[in-house]
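Peer 1: Sharing a structure, written as structure tokens. Questions coming.
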Amino acid sequence: MESLLEINNLKTYFYSENGEVPAVDGVSITVKKGETLGIVGESGSGKSVTALTAMRLSQGKVMGGSVKFKGIDLLSLSDEEMRKIRGKEIAMIFQEPMTSLNPVFTVGNQIMEAIQTHMDVGKSKAKERAVELLALVGIPRPEQIVNEYPHRLSGGMRQRVMIAMAMACNPSLLIADEPTTALDVTIQAQILDLMRDLKEKHNTAIMMITHDLGVVAETCDRVCVMYGGKVVEESDVQEIFKNPKHPYTQGLLKSVPTLIDSEQQTRLYSIEGNVPIPGSLREGCYFAPRCEFAMEICRTKAPAFKEVEPGHFNRCWLHELDERGELDVKQLVESN
Amino acid sequence: MSIYLVKRLLHLIPTLIGVTLFAFLLVAAVPGDPAQIIAGESASEEEVQIIRDQLGIDKPLYQQYISYVTNIFKGDLGTSLRSSKPVLDEILLRFPTTLILTVMSLVVMIIVGLIAGIASATKPNSIRDNVSMMISLFGISMPVFWMGIMFILLFSYYLPWFPSGGSSEFKHFVLPSLVLGLSASGILARLTRSSILEIVNQDFVRTARAKGVKEKYVIYKHTLKNALIPIITIVGMEFGVLLGGAVITETVFSMNGIGRYVVESIQFRDFPAIQGSILFISTIFVLVILLVDLSYSIVDPRIRYEN
């Protein structure tokens, strides 16, 4: 499959009173045409900043790397050229449907704005299209809703409006930044269904940023797991659930509650410690302080991102040493 | 919307009753005999009695109030003791001057304040921002009378462009409205800056950028309309205050407006004139606040529906 978005060794740093904060620290991600790529990680792992940097909407400073979309380097475009890509080629929806729509304009107005920004159509045509889009995202009575203000709609409806707005110009890539986090579980399922439908109908690639492994399992083709501003593991979705390599991914999967578990276990597994404050760690593997398998080398030298199986990449010393025959991982895992 | 309007209009009734009561009680609350104060110490008992009859202060308080309100409804705000003319006529004679001055000052205030505020907010902490905020601080802290005198010195003495006083022609209004408008624009600029900066970090502004909206629409459409509520409030307040007469400015520029009339009436102890002016100014203020409230609901649909 042809690649659509190629993020290569991207570094986005923030500067605060406490000094340099590398929120995104050498991230490489590729989204292929028509696929759904999941980006998973805890809060503060750099997933949203990666997406916002690709859109050139981040407040941080890009310190290195490239973002190529259909072969064009987005980071070297002028503001005006980038503006024309936003919303037309790459659209984005956000976590907070309650605050992501402008309260003082009707939803129709806001969808029409997305259309008219990029297409040379009149007001009445744009409005027709807005109604069409609202119907497409499953909003009942679209002719009436088009004239409503956001505060009159529920969270789920507003997220549908956001999706309608994002789909206005049939973008080839949709970046969804935690699109279901703020919604009820039943509404979450509806929104995910809707996104899957749209993806199939329009062949839109989706970059799904989430911390919810359920969302990943349900929607994604491939997954990147991020930790401390780096991608630590990448593979297709089945592989990651069946055969997670990185201790962090393993920990994430173990912390998902299941019915079987709850009968045997009283406490849910959780990874010890917290996500490191970005910038506090500069040496070794960033996960080492929380890792139950951490060795001496983990604290001093950063592991490389290596293909451990075809299409399955991992950034961990365990497997690197295993490969070299210096360590028996199976035995280590069993003994732990 | 129409329900909201009706509700707001109904709210006016108790406020206006309060205003009439206040204006009425002002005279009743004056210690001693107002008639004696008006007539002066050397006046004979007969003269004082005539004034008492004129003011109707012999009757019980509630009767006085009823006849006072009845007269208001008839358009009678009493007769000025100084000129023996109806107070309403005196006020209406001076009102156009105050109104023109107010409108022109507001125009200056809005243009300068908004431009400076937007210029600051779109590039926070830049030189542009710092300079405009420093000038606005200057505008806020300089007393109006000082600015007035400086403007007269500069623009009618050294540069004889505008007259230094009077209120009969358009050119008389230029300097006073510049002084009033510029000094008020400082607050507006600061307020505009802070409310834009608050809005610009909201999620929906990011949404607008994410859909490729041009930066000028991001600021002028998405941000400014949301920042408008505090701006309207300040402009409305200033409108009300100025309509009540800019006493100092009117005095400095020898303009014959409401503000000066009130001060002169106070100096002369012209109670009916003071009463009438208070009633007139308060009513106008209340109406302006009503307009401000109504414009909130035009700007922000959430206010419209809540009610």
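Identifiers for the structure tokens are assigned positionally: chains receive A, B, ... in sequence, residues are indexed from 1 per chain, and ligands are indexed from 1 in the order shown.
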Counting only C-alpha atoms, a student should be able to say which residues of chain B come within 6 Å of chain A; what is the right answer, written as a PyMOL selection string?

Peer 2: chain B and resi 203-204+210-212+300

Peer 1: Store the residues picked out above, limited to N, CA and C atoms, as a CSV table (one decimal), in the first residue's frame.

Peer 2:
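Dumped everything to again.csv:
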```csv
chain,number,residue,atom,x,y,z
B,203,ASP,N,-10.9,25.6,22.5
B,203,ASP,CA,-10.9,24.5,21.6
B,203,ASP,C,-11.5,24.8,20.2
B,204,PHE,N,-12.5,25.6,20.2
B,204,PHE,CA,-13.2,25.9,19.0
B,204,PHE,C,-12.4,26.7,18.0
B,210,ALA,N,-8.0,24.1,12.3
B,210,ALA,CA,-7.8,22.8,11.8
B,210,ALA,C,-8.6,22.6,10.5
B,211,LYS,N,-9.7,23.4,10.3
B,211,LYS,CA,-10.4,23.2,9.0
B,211,LYS,C,-9.9,24.2,8.0
B,212,GLY,N,-8.9,24.9,8.3
B,212,GLY,CA,-8.2,25.7,7.2
B,212,GLY,C,-8.8,27.1,7.1
B,300,ASP,N,-24.8,36.1,21.8
B,300,ASP,CA,-24.6,34.8,22.3
B,300,ASP,C,-26.0,34.0,22.4
```

Peer 1: List every residue of region 11-244 of chain B that DSSP, applied to the backbone of this structure, assigns to helix (DSSP H, G or I), and report them as a PyMOL selection string.

Peer 2: chain B and resi 11-28+34-39+45-55+61-73+87-122+127-141+144-158+170-200+203-210+215-243

Peer 1: Using only C-alpha atoms, can you tell me which of B:Thr98, B:Ser156, B:Asn226, B:Thr192 comes closest to Ala116 (chain B)?

Peer 2: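 Going through B:Thr98, B:Ser156, B:Asn226, B:Thr192 one by one, the smallest distance to Ala116 (chain B) is for B:Thr192.
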
Peer 1: For Phe241 (chain A), find every residue with an atom within 12 Å (counting only C-alpha atoms), except residues of its own chain fewer than 6 positions away, and show them as a compact mmCIF listing (two decimals) with C-alpha atoms, in the first residue's frame.

Peer 2:
```
# COMPACT_ATOMS: atom_id res chain seq x y z
CA LEU A 213 -7.28 -0.36 23.68
CA GLY A 214 -10.90 -1.29 23.03
CA VAL A 216 -7.89 0.16 18.87
CA ALA A 217 -9.14 -3.41 18.70
CA GLU A 218 -12.36 -2.27 17.12
CA CYS A 220 -7.41 -0.08 13.72
CA ASP A 221 -5.40 -1.96 11.16
CA ARG A 222 -2.04 -1.11 12.64
CA VAL A 223 -0.92 0.26 15.99
CA VAL A 225 2.43 2.41 21.00
CA GLU A 233 6.28 -0.72 19.53
CA GLU A 234 4.56 -0.97 16.19
CA SER A 235 2.77 -3.81 14.51
CA THR A 249 2.53 -2.73 25.80
CA GLN A 250 2.26 -5.89 27.86
CA GLY A 251 1.47 -3.81 30.89
CA LEU A 252 -1.17 -1.82 29.01
CA LEU A 253 -2.86 -5.01 27.85
CA LYS A 254 -2.75 -6.49 31.32
CA VAL A 256 -7.57 -3.94 30.65
```

Peer 1: Just checking: using only C-alpha atoms, which residue out of B:Gln54, B:Gln275, B:Ser67, B:Ser297 ends up closest to Ile91 (chain B)?

Peer 2: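 The closest residue to Ile91 (chain B) is B:Gln275.
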
Peer 1: My list of candidates is B:Val205, B:Ile140, B:Val213, B:Met255. Which is closest to Glu169 (chain B) when distances are computed with only C-alpha atoms?

Peer 2: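 The closest residue to Glu169 (chain B) is B:Met255.
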
Peer 1: How many Å lie between CA of Ile145 (chain A) and CA of Leu198 (chain A), rounded to one decimal?

Peer 2: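 Going from CA of Ile145 (chain A) over to CA of Leu198 (chain A) covers 20.4 Å.
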
Peer 1: Restricting the calculation to only C-alpha atoms: of B:Thr20, B:Lys59, B:Val252, B:Arg304, which residue gets closest to Ile3 (chain B)?

Peer 2: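 Closest candidate: B:Arg304.
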
Peer 1: Residues within 10 Å of Ser66 (chain A), please, as an MDAnalysis selection string. Count only C-alpha atoms; anything in the same chain fewer than 4 positions from it doesn't count.

Peer 2: chainID A and resid 6:11 27:28 54 62 72:76

Peer 1: Could you write out the selected residues, including N, CA and C atoms, as a PDB file, in the first residue's frame?

Peer 2:
```pdb
ATOM      1  N   GLU A   6       3.932  10.452   6.020  1.00  0.00           N
ATOM      2  CA  GLU A   6       5.162   9.878   6.556  1.00  0.00           C
ATOM      3  C   GLU A   6       5.781  10.860   7.533  1.00  0.00           C
ATOM      4  N   ILE A   7       5.750  10.490   8.791  1.00  0.00           N
ATOM      5  CA  ILE A   7       6.403  11.324   9.800  1.00  0.00           C
ATOM      6  C   ILE A   7       7.738  10.668  10.091  1.00  0.00           C
ATOM      7  N   ASN A   8       8.809  11.443   9.938  1.00  0.00           N
ATOM      8  CA  ASN A   8      10.118  10.839  10.059  1.00  0.00           C
ATOM      9  C   ASN A   8      10.971  11.538  11.113  1.00  0.00           C
ATOM     10  N   ASN A   9      11.300  10.803  12.150  1.00  0.00           N
ATOM     11  CA  ASN A   9      12.199  11.288  13.202  1.00  0.00           C
ATOM     12  C   ASN A   9      11.802  12.689  13.711  1.00  0.00           C
ATOM     13  N   LEU A  10      10.506  12.876  13.909  1.00  0.00           N
ATOM     14  CA  LEU A  10       9.990  14.196  14.290  1.00  0.00           C
ATOM     15  C   LEU A  10      10.311  14.522  15.747  1.00  0.00           C
ATOM     16  N   LYS A  11      10.765  15.746  15.938  1.00  0.00           N
ATOM     17  CA  LYS A  11      11.047  16.199  17.302  1.00  0.00           C
ATOM     18  C   LYS A  11      10.331  17.518  17.547  1.00  0.00           C
ATOM     19  N   VAL A  27       9.904  10.773  16.620  1.00  0.00           N
ATOM     20  CA  VAL A  27       8.816   9.861  16.263  1.00  0.00           C
ATOM     21  C   VAL A  27       8.773   9.637  14.752  1.00  0.00           C
ATOM     22  N   SER A  28       8.679   8.381  14.366  1.00  0.00           N
ATOM     23  CA  SER A  28       8.490   8.048  12.950  1.00  0.00           C
ATOM     24  C   SER A  28       7.234   7.216  12.825  1.00  0.00           C
ATOM     25  N   ALA A  54       1.986  17.594  12.979  1.00  0.00           N
ATOM     26  CA  ALA A  54       1.768  17.245  11.569  1.00  0.00           C
ATOM     27  C   ALA A  54       0.812  18.242  10.921  1.00  0.00           C
ATOM     28  N   VAL A  62       9.369  22.790  16.372  1.00  0.00           N
ATOM     29  CA  VAL A  62       9.858  21.605  15.684  1.00  0.00           C
ATOM     30  C   VAL A  62      11.378  21.678  15.630  1.00  0.00           C
ATOM     31  N   ILE A  72       4.712  15.710  -0.155  1.00  0.00           N
ATOM     32  CA  ILE A  72       5.029  17.127   0.087  1.00  0.00           C
ATOM     33  C   ILE A  72       5.487  17.292   1.537  1.00  0.00           C
ATOM     34  N   ASP A  73       6.561  18.027   1.728  1.00  0.00           N
ATOM     35  CA  ASP A  73       7.030  18.252   3.089  1.00  0.00           C
ATOM     36  C   ASP A  73       6.201  19.367   3.741  1.00  0.00           C
ATOM     37  N   LEU A  74       5.326  18.975   4.649  1.00  0.00           N
ATOM     38  CA  LEU A  74       4.404  19.945   5.252  1.00  0.00           C
ATOM     39  C   LEU A  74       5.125  21.001   6.072  1.00  0.00           C
ATOM     40  N   LEU A  75       6.240  20.610   6.670  1.00  0.00           N
ATOM     41  CA  LEU A  75       6.916  21.547   7.571  1.00  0.00           C
ATOM     42  C   LEU A  75       7.581  22.689   6.816  1.00  0.00           C
ATOM     43  N   SER A  76       7.807  22.502   5.485  1.00  0.00           N
ATOM     44  CA  SER A  76       8.467  23.576   4.753  1.00  0.00           C
ATOM     45  C   SER A  76       7.473  24.420   3.941  1.00  0.00           C
TER      46      SER A  76
END
```

Peer 1: Between B:Gly75, B:Ala28, B:Leu12, B:Gly40, which is the closest to Val288 (chain B) once you count only C-alpha atoms?

Peer 2: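 Distance minimum relative to Val288 (chain B) lands on B:Leu12.
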
Peer 1: Could you name the residues that touch Val247 (chain B) at 10 Å or less, counting only C-alpha atoms, but leaving out those on the same chain fewer than 3 positions away, as a list in words?

Peer 2: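 Non-adjacent residues within range: Phe145, Leu242, Gly244, Glu250, Thr251, Val252, Met255, Gly257, Ile258, Gly259, Arg260, Tyr261, Val262 and Val263 of chain B.
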